[in-house]
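Some notes on the structure that comes next.
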Amino acid sequence: MENRIGHRIRRIREGLDISREQLAERSSLSLLQVEKIESDELIPSLTPLIRISRALGVRLGTFMDDCESEGPSVFRGEERASGINFSNESSQSRTAMTYFPLAADKAGRHMEPFVIDIAGGSDEHILSTHEGEEFIYVLAGEIEIEYGKDVYSLSAGDSIYYDSIVPHHVHAKNGVDAKIIAVVYVPV
């Protein structure tokens, strides 16, 4: 799945007869970023993906969908697909978070649910901001969420719901791996 995000963005953009330059301008990204994303040299963080989805008039999940179904989406643990590692905004290195989509086959959804494995270690703490809301439930380990000027520590069983427009960053606490469920809502 990871290596198809750029291809899907390019296919949607071309289908809408939008140039790379127009997409860069509409999404407030550089032309070089758009080119690298479309060629799958760079898997962006959620913030640029949200900007691109808004610029193209599609849901965020459109870039990660394998198929679409009008009925309910059932996810079985043994069917866990390969994860997606986005790049952070300051470098092309992958973040310490691996995203596993939970509803890639649900058409017309307004939320993006993920199981996310967070590796402990040296992930850069670069705050991001985007439209919408996020809900996080900690399954295992401990995480810290930098949210504006505050820092919240959460352990297994804890949850947090916040507005994504406030600069934020989620990372494993004390360098120990963690696992969360995250639901991202971005208004269309």
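By order of appearance in the structure tokens: chains A, B, ..., then residues from 1 within every chain, and ligands from 1 in the order shown.
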Considering only C-alpha atoms, return as a PyMOL selection string whatever protein or nucleic-acid residues lie within 12 Å of stretch 15-20 of chain A, sequence-local ones (same chain, fewer than 5 positions apart) excluded. chain A and resi 8-10+25-39+52+55-58
Skipping near chain neighbours, those fewer than 2 positions away, what residues fall within 12 Å of stretch 133-139 of chain A using only C-alpha atoms, listed as a compact mmCIF listing (two decimals) with all heavy atoms, in the first residue's frame?
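Below is the file that was written, selection-v7.txt:
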# COMPACT_ATOMS: atom_id res chain seq x y z
N LEU A 46 0.63 13.29 7.55
CA LEU A 46 -0.81 13.50 7.35
C LEU A 46 -1.14 14.93 6.92
O LEU A 46 -2.06 15.14 6.12
CB LEU A 46 -1.58 13.16 8.63
CG LEU A 46 -1.74 11.67 8.92
CD1 LEU A 46 -2.46 11.48 10.25
CD2 LEU A 46 -2.47 10.95 7.81
N HIS A 110 -16.24 9.26 6.69
CA HIS A 110 -15.84 10.59 7.13
C HIS A 110 -14.74 10.53 8.18
O HIS A 110 -14.19 11.55 8.56
CB HIS A 110 -17.05 11.34 7.69
CG HIS A 110 -18.12 11.53 6.68
ND1 HIS A 110 -18.04 12.45 5.66
CD2 HIS A 110 -19.29 10.88 6.49
CE1 HIS A 110 -19.11 12.37 4.90
NE2 HIS A 110 -19.89 11.42 5.39
N MET A 111 -14.45 9.33 8.66
CA MET A 111 -13.40 9.13 9.66
C MET A 111 -12.36 8.17 9.09
O MET A 111 -12.70 7.32 8.26
CB MET A 111 -13.97 8.54 10.95
CG MET A 111 -15.02 9.40 11.62
SD MET A 111 -15.67 8.62 13.12
CE MET A 111 -16.49 7.18 12.46
N GLU A 112 -11.13 8.30 9.54
CA GLU A 112 -10.05 7.39 9.13
C GLU A 112 -9.53 6.69 10.38
O GLU A 112 -8.77 7.27 11.16
CB GLU A 112 -8.91 8.16 8.45
CG GLU A 112 -9.32 8.86 7.18
CD GLU A 112 -9.80 7.93 6.10
OE1 GLU A 112 -9.38 6.75 6.07
OE2 GLU A 112 -10.61 8.36 5.27
N PRO A 113 -9.94 5.43 10.62
CA PRO A 113 -9.45 4.71 11.80
C PRO A 113 -8.17 3.93 11.47
O PRO A 113 -8.06 3.34 10.39
CB PRO A 113 -10.60 3.77 12.13
CG PRO A 113 -11.26 3.51 10.82
CD PRO A 113 -11.07 4.75 9.99
N PHE A 114 -7.23 3.95 12.40
CA PHE A 114 -5.96 3.25 12.24
C PHE A 114 -5.57 2.57 13.54
O PHE A 114 -5.87 3.08 14.62
CB PHE A 114 -4.82 4.23 11.93
CG PHE A 114 -4.98 5.04 10.71
CD1 PHE A 114 -5.48 6.34 10.77
CD2 PHE A 114 -4.60 4.55 9.47
CE1 PHE A 114 -5.60 7.11 9.63
CE2 PHE A 114 -4.72 5.31 8.33
CZ PHE A 114 -5.23 6.60 8.40
N VAL A 115 -4.86 1.45 13.44
CA VAL A 115 -4.03 0.97 14.53
C VAL A 115 -2.65 1.51 14.19
O VAL A 115 -2.22 1.43 13.03
CB VAL A 115 -4.00 -0.57 14.62
CG1 VAL A 115 -2.91 -1.03 15.57
CG2 VAL A 115 -5.34 -1.11 15.06
N ILE A 116 -1.98 2.09 15.17
CA ILE A 116 -0.66 2.68 14.91
C ILE A 116 0.34 2.10 15.89
O ILE A 116 0.15 2.16 17.10
CB ILE A 116 -0.69 4.22 15.03
CG1 ILE A 116 -1.73 4.81 14.08
CG2 ILE A 116 0.70 4.81 14.77
CD1 ILE A 116 -1.93 6.31 14.22
N ASP A 117 1.40 1.51 15.34
CA ASP A 117 2.54 1.07 16.15
C ASP A 117 3.50 2.24 16.23
O ASP A 117 3.89 2.80 15.20
CB ASP A 117 3.24 -0.13 15.50
CG ASP A 117 2.40 -1.39 15.54
OD1 ASP A 117 1.48 -1.48 16.38
OD2 ASP A 117 2.68 -2.30 14.73
N ILE A 118 3.86 2.61 17.46
CA ILE A 118 4.79 3.73 17.66
C ILE A 118 6.09 3.17 18.22
O ILE A 118 6.11 2.64 19.33
CB ILE A 118 4.20 4.78 18.64
CG1 ILE A 118 2.82 5.25 18.15
CG2 ILE A 118 5.16 5.96 18.78
CD1 ILE A 118 2.11 6.16 19.13
N THR A 129 -0.16 20.39 12.23
CA THR A 129 -1.50 20.94 12.39
C THR A 129 -2.27 20.71 11.10
O THR A 129 -1.71 20.75 10.01
CB THR A 129 -1.44 22.44 12.75
OG1 THR A 129 -2.77 22.93 12.91
CG2 THR A 129 -0.71 23.26 11.72
N HIS A 130 -3.54 20.38 11.23
CA HIS A 130 -4.41 20.21 10.07
C HIS A 130 -5.85 20.36 10.53
O HIS A 130 -6.14 20.31 11.73
CB HIS A 130 -4.19 18.85 9.40
CG HIS A 130 -4.30 17.68 10.33
ND1 HIS A 130 -5.51 17.08 10.64
CD2 HIS A 130 -3.36 17.01 11.03
CE1 HIS A 130 -5.30 16.09 11.48
NE2 HIS A 130 -4.00 16.02 11.75
N GLU A 131 -6.75 20.55 9.59
CA GLU A 131 -8.16 20.67 9.94
C GLU A 131 -8.66 19.35 10.52
O GLU A 131 -8.13 18.29 10.22
CB GLU A 131 -8.98 21.00 8.70
CG GLU A 131 -8.70 22.37 8.14
CD GLU A 131 -9.56 22.63 6.93
OE1 GLU A 131 -10.80 22.64 7.09
OE2 GLU A 131 -9.00 22.80 5.85
N GLY A 141 1.58 0.17 26.11
CA GLY A 141 2.68 1.12 26.33
C GLY A 141 2.18 2.45 26.83
O GLY A 141 1.04 2.59 27.32
N GLU A 142 3.04 3.44 26.70
CA GLU A 142 2.71 4.81 27.11
C GLU A 142 3.09 5.75 25.99
O GLU A 142 4.08 5.55 25.30
CB GLU A 142 3.47 5.19 28.37
CG GLU A 142 3.07 4.41 29.61
CD GLU A 142 3.86 4.87 30.82
OE1 GLU A 142 5.05 4.49 30.91
OE2 GLU A 142 3.29 5.61 31.64
N ILE A 143 2.28 6.81 25.83
CA ILE A 143 2.58 7.82 24.82
C ILE A 143 2.55 9.20 25.46
O ILE A 143 2.00 9.39 26.55
CB ILE A 143 1.58 7.78 23.64
CG1 ILE A 143 0.15 8.12 24.11
CG2 ILE A 143 1.64 6.44 22.93
CD1 ILE A 143 -0.82 8.37 22.97
N GLU A 144 3.15 10.13 24.77
CA GLU A 144 3.04 11.54 25.13
C GLU A 144 2.48 12.26 23.93
O GLU A 144 2.81 11.93 22.79
CB GLU A 144 4.40 12.14 25.49
CG GLU A 144 4.89 11.78 26.85
CD GLU A 144 6.17 12.50 27.23
OE1 GLU A 144 6.90 12.98 26.33
OE2 GLU A 144 6.43 12.58 28.43
N ILE A 145 1.63 13.22 24.21
CA ILE A 145 1.07 14.06 23.17
C ILE A 145 1.40 15.50 23.51
O ILE A 145 0.98 16.02 24.54
CB ILE A 145 -0.45 13.88 23.04
CG1 ILE A 145 -0.75 12.42 22.70
CG2 ILE A 145 -1.01 14.83 21.99
CD1 ILE A 145 -2.18 12.06 22.79
N TYR A 147 0.59 19.05 22.76
CA TYR A 147 -0.62 19.68 22.22
C TYR A 147 -0.57 21.16 22.60
O TYR A 147 -0.77 21.52 23.77
CB TYR A 147 -1.86 19.00 22.80
CG TYR A 147 -3.16 19.52 22.26
CD1 TYR A 147 -3.58 19.16 20.99
CD2 TYR A 147 -3.96 20.38 22.99
CE1 TYR A 147 -4.78 19.63 20.47
CE2 TYR A 147 -5.16 20.86 22.49
CZ TYR A 147 -5.57 20.48 21.23
OH TYR A 147 -6.76 20.96 20.72
N TYR A 152 0.59 15.79 27.38
CA TYR A 152 -0.28 14.83 28.04
C TYR A 152 0.38 13.45 27.97
O TYR A 152 0.83 13.03 26.91
CB TYR A 152 -1.65 14.77 27.37
CG TYR A 152 -2.39 16.08 27.44
CD1 TYR A 152 -2.26 17.04 26.43
CD2 TYR A 152 -3.20 16.37 28.53
CE1 TYR A 152 -2.93 18.25 26.51
CE2 TYR A 152 -3.87 17.58 28.62
CZ TYR A 152 -3.73 18.51 27.60
OH TYR A 152 -4.39 19.71 27.70
N SER A 153 0.44 12.76 29.09
CA SER A 153 0.95 11.39 29.14
C SER A 153 -0.23 10.45 29.28
O SER A 153 -1.09 10.64 30.13
CB SER A 153 1.88 11.21 30.35
OG SER A 153 3.04 12.00 30.19
N LEU A 154 -0.26 9.43 28.43
CA LEU A 154 -1.34 8.46 28.45
C LEU A 154 -0.77 7.05 28.50
O LEU A 154 0.24 6.76 27.87
CB LEU A 154 -2.22 8.58 27.21
CG LEU A 154 -3.19 9.78 27.17
CD1 LEU A 154 -2.47 11.03 26.76
CD2 LEU A 154 -4.32 9.48 26.24
N SER A 155 -1.43 6.17 29.25
CA SER A 155 -1.05 4.76 29.39
C SER A 155 -2.15 3.89 28.78
O SER A 155 -3.23 4.38 28.45
CB SER A 155 -0.89 4.41 30.86
OG SER A 155 0.11 5.20 31.45
N ALA A 156 -1.89 2.59 28.70
CA ALA A 156 -2.87 1.65 28.16
C ALA A 156 -4.22 1.86 28.85
O ALA A 156 -4.30 1.96 30.06
CB ALA A 156 -2.38 0.21 28.35
N GLY A 157 -5.27 1.98 28.04
CA GLY A 157 -6.61 2.21 28.55
C GLY A 157 -7.02 3.67 28.57
O GLY A 157 -8.20 3.98 28.68
N ASP A 158 -6.06 4.59 28.44
CA ASP A 158 -6.37 6.02 28.42
C ASP A 158 -6.71 6.46 26.99
O ASP A 158 -6.32 5.82 26.01
CB ASP A 158 -5.16 6.85 28.88
CG ASP A 158 -4.79 6.61 30.34
OD1 ASP A 158 -5.61 6.05 31.09
OD2 ASP A 158 -3.66 6.99 30.71
N SER A 159 -7.42 7.58 26.90
CA SER A 159 -7.75 8.12 25.58
C SER A 159 -7.72 9.64 25.62
O SER A 159 -7.74 10.25 26.70
CB SER A 159 -9.12 7.63 25.11
OG SER A 159 -10.14 8.13 25.95
N ILE A 160 -7.67 10.23 24.44
CA ILE A 160 -7.69 11.68 24.29
C ILE A 160 -8.41 12.00 22.99
O ILE A 160 -8.33 11.25 22.02
CB ILE A 160 -6.26 12.28 24.31
CG1 ILE A 160 -6.30 13.82 24.31
CG2 ILE A 160 -5.43 11.75 23.15
CD1 ILE A 160 -4.94 14.46 24.57
N TYR A 161 -9.15 13.10 22.99
CA TYR A 161 -9.86 13.59 21.81
C TYR A 161 -9.50 15.06 21.69
O TYR A 161 -9.65 15.81 22.65
CB TYR A 161 -11.36 13.40 22.03
CG TYR A 161 -12.23 13.66 20.83
CD1 TYR A 161 -12.98 12.64 20.28
CD2 TYR A 161 -12.34 14.92 20.26
CE1 TYR A 161 -13.80 12.86 19.19
CE2 TYR A 161 -13.16 15.15 19.17
CZ TYR A 161 -13.89 14.11 18.64
OH TYR A 161 -14.69 14.33 17.56
N TYR A 162 -9.02 15.49 20.53
CA TYR A 162 -8.58 16.88 20.41
C TYR A 162 -8.81 17.43 19.01
O TYR A 162 -9.00 16.69 18.04
CB TYR A 162 -7.12 17.04 20.81
CG TYR A 162 -6.14 16.16 20.07
CD1 TYR A 162 -5.58 16.56 18.86
CD2 TYR A 162 -5.74 14.94 20.60
CE1 TYR A 162 -4.67 15.75 18.20
CE2 TYR A 162 -4.82 14.14 19.95
CZ TYR A 162 -4.29 14.56 18.74
OH TYR A 162 -3.39 13.76 18.09
N ASP A 163 -8.78 18.76 18.94
CA ASP A 163 -8.88 19.48 17.66
C ASP A 163 -7.51 19.47 17.00
O ASP A 163 -6.52 19.92 17.60
CB ASP A 163 -9.36 20.91 17.88
CG ASP A 163 -10.78 20.97 18.40
OD1 ASP A 163 -11.63 20.24 17.85
OD2 ASP A 163 -11.04 21.73 19.34
N SER A 164 -7.43 19.00 15.77
CA SER A 164 -6.15 18.85 15.09
C SER A 164 -5.57 20.17 14.59
O SER A 164 -4.42 20.21 14.18
CB SER A 164 -6.31 17.90 13.89
OG SER A 164 -6.85 16.68 14.30
N ILE A 165 -6.35 21.22 14.63
CA ILE A 165 -5.85 22.52 14.18
C ILE A 165 -4.81 23.07 15.16
O ILE A 165 -3.99 23.89 14.81
CB ILE A 165 -7.03 23.52 13.97
CG1 ILE A 165 -6.59 24.71 13.14
CG2 ILE A 165 -7.63 23.95 15.28
CD1 ILE A 165 -6.33 24.38 11.69
N VAL A 166 -4.84 22.57 16.41
CA VAL A 166 -3.83 22.97 17.40
C VAL A 166 -2.57 22.16 17.11
O VAL A 166 -2.63 20.94 16.93
CB VAL A 166 -4.34 22.69 18.84
CG1 VAL A 166 -3.25 22.98 19.86
CG2 VAL A 166 -5.59 23.50 19.13
N PRO A 167 -1.40 22.81 17.04
CA PRO A 167 -0.15 22.07 16.78
C PRO A 167 0.02 20.92 17.78
O PRO A 167 -0.14 21.11 18.99
CB PRO A 167 0.93 23.13 16.96
CG PRO A 167 0.24 24.43 16.67
CD PRO A 167 -1.15 24.24 17.22
N HIS A 168 0.34 19.72 17.25
CA HIS A 168 0.41 18.53 18.09
C HIS A 168 1.44 17.53 17.57
O HIS A 168 1.82 17.58 16.40
CB HIS A 168 -0.97 17.87 18.20
CG HIS A 168 -1.51 17.42 16.87
ND1 HIS A 168 -2.11 18.31 15.99
CD2 HIS A 168 -1.54 16.22 16.26
CE1 HIS A 168 -2.49 17.66 14.90
NE2 HIS A 168 -2.14 16.37 15.04
N HIS A 169 1.86 16.64 18.46
CA HIS A 169 2.75 15.54 18.09
C HIS A 169 2.53 14.39 19.06
O HIS A 169 2.42 14.58 20.26
CB HIS A 169 4.22 15.98 18.16
CG HIS A 169 5.15 14.91 17.68
ND1 HIS A 169 5.65 13.93 18.50
CD2 HIS A 169 5.65 14.66 16.45
CE1 HIS A 169 6.42 13.12 17.80
NE2 HIS A 169 6.44 13.54 16.55
N VAL A 170 2.46 13.18 18.51
CA VAL A 170 2.27 11.97 19.32
C VAL A 170 3.54 11.14 19.21
O VAL A 170 4.06 10.93 18.12
CB VAL A 170 1.07 11.14 18.78
CG1 VAL A 170 0.90 9.87 19.58
CG2 VAL A 170 -0.21 11.98 18.79
N HIS A 171 4.05 10.67 20.35
CA HIS A 171 5.25 9.83 20.34
C HIS A 171 5.24 8.90 21.55
O HIS A 171 4.52 9.12 22.51
CB HIS A 171 6.53 10.68 20.32
CG HIS A 171 6.59 11.68 21.43
ND1 HIS A 171 6.07 12.95 21.32
CD2 HIS A 171 7.10 11.60 22.68
CE1 HIS A 171 6.25 13.60 22.44
NE2 HIS A 171 6.87 12.80 23.30
N ALA A 172 6.06 7.85 21.44
CA ALA A 172 6.21 6.90 22.54
C ALA A 172 6.90 7.59 23.70
O ALA A 172 7.82 8.39 23.51
CB ALA A 172 7.01 5.68 22.09
N LYS A 173 6.46 7.28 24.92
CA LYS A 173 7.06 7.89 26.11
C LYS A 173 8.26 7.07 26.55
O LYS A 173 8.24 5.84 26.50
CB LYS A 173 6.02 7.94 27.24
CG LYS A 173 6.50 8.67 28.47
CD LYS A 173 5.38 8.81 29.48
CE LYS A 173 5.90 9.53 30.72
NZ LYS A 173 4.85 9.69 31.72
N ASP A 177 8.29 1.22 22.96
CA ASP A 177 7.25 1.04 21.94
C ASP A 177 5.85 1.11 22.54
O ASP A 177 5.63 0.73 23.68
CB ASP A 177 7.41 -0.31 21.24
CG ASP A 177 8.68 -0.40 20.41
OD1 ASP A 177 9.40 0.60 20.28
OD2 ASP A 177 8.95 -1.50 19.89
N ALA A 178 4.91 1.60 21.72
CA ALA A 178 3.51 1.69 22.14
C ALA A 178 2.62 1.36 20.95
O ALA A 178 3.07 1.33 19.80
CB ALA A 178 3.20 3.09 22.67
N LYS A 179 1.35 1.12 21.24
CA LYS A 179 0.36 0.82 20.20
C LYS A 179 -0.91 1.58 20.54
O LYS A 179 -1.37 1.56 21.69
CB LYS A 179 0.08 -0.68 20.13
CG LYS A 179 -0.90 -1.08 19.02
CD LYS A 179 -1.22 -2.57 19.03
CE LYS A 179 -0.04 -3.41 18.72
NZ LYS A 179 0.18 -3.74 17.33
N ILE A 180 -1.48 2.24 19.54
CA ILE A 180 -2.70 3.03 19.75
C ILE A 180 -3.72 2.74 18.65
O ILE A 180 -3.37 2.22 17.59
CB ILE A 180 -2.41 4.55 19.78
CG1 ILE A 180 -1.87 5.03 18.42
CG2 ILE A 180 -1.46 4.90 20.91
CD1 ILE A 180 -1.70 6.55 18.32
N ILE A 181 -4.96 3.09 18.94
CA ILE A 181 -5.98 3.21 17.92
C ILE A 181 -6.19 4.71 17.76
O ILE A 181 -6.36 5.42 18.75
CB ILE A 181 -7.31 2.54 18.32
CG1 ILE A 181 -7.14 1.03 18.32
CG2 ILE A 181 -8.43 2.96 17.36
CD1 ILE A 181 -8.39 0.26 18.74
N ALA A 182 -6.15 5.18 16.53
CA ALA A 182 -6.38 6.60 16.25
C ALA A 182 -7.48 6.72 15.21
O ALA A 182 -7.51 5.96 14.23
CB ALA A 182 -5.11 7.27 15.75
N VAL A 183 -8.38 7.65 15.43
CA VAL A 183 -9.43 7.95 14.47
C VAL A 183 -9.27 9.42 14.10
O VAL A 183 -9.32 10.29 14.97
CB VAL A 183 -10.83 7.67 15.04
CG1 VAL A 183 -11.90 8.00 14.00
CG2 VAL A 183 -10.96 6.24 15.51
N VAL A 184 -9.05 9.67 12.82
CA VAL A 184 -8.85 11.02 12.32
C VAL A 184 -10.09 11.43 11.53
O VAL A 184 -10.55 10.68 10.66
CB VAL A 184 -7.59 11.09 11.41
CG1 VAL A 184 -7.41 12.50 10.86
CG2 VAL A 184 -6.35 10.63 12.17
N TYR A 185 -10.61 12.60 11.85
CA TYR A 185 -11.74 13.16 11.10
C TYR A 185 -11.27 14.45 10.45
O TYR A 185 -10.72 15.32 11.11
CB TYR A 185 -12.92 13.45 12.03
CG TYR A 185 -13.96 14.34 11.38
CD1 TYR A 185 -14.82 13.82 10.41
CD2 TYR A 185 -14.05 15.69 11.69
CE1 TYR A 185 -15.76 14.64 9.78
CE2 TYR A 185 -14.99 16.50 11.06
CZ TYR A 185 -15.83 15.96 10.11
OH TYR A 185 -16.73 16.78 9.48
N VAL A 186 -11.47 14.52 9.15
CA VAL A 186 -11.15 15.75 8.42
C VAL A 186 -12.40 16.15 7.66
O VAL A 186 -12.91 15.38 6.85
CB VAL A 186 -9.98 15.52 7.42
CG1 VAL A 186 -9.67 16.79 6.67
CG2 VAL A 186 -8.75 15.03 8.16
N PRO A 187 -12.94 17.36 7.91
CA PRO A 187 -14.15 17.78 7.19
C PRO A 187 -13.87 17.90 5.70
O PRO A 187 -12.77 18.26 5.29
CB PRO A 187 -14.48 19.13 7.82
CG PRO A 187 -13.23 19.61 8.45
CD PRO A 187 -12.42 18.38 8.79
Of the candidates A:Leu127, A:Leu49, A:Leu60, A:Ile5, which shows the shortest atom-to-atom distance to A:Ala24, using only C-alpha atoms?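 Looking at the shortest contact to A:Ala24, the residue is A:Leu49.
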All strand (DSSP E or B) positions in stretch 4-178 of chain A, as a VMD selection string: chain A and resid 69 84 87 94 97 to 101 106 111 to 118 128 133 to 140 142 to 147 150 to 155 159 to 163 168 to 172 178
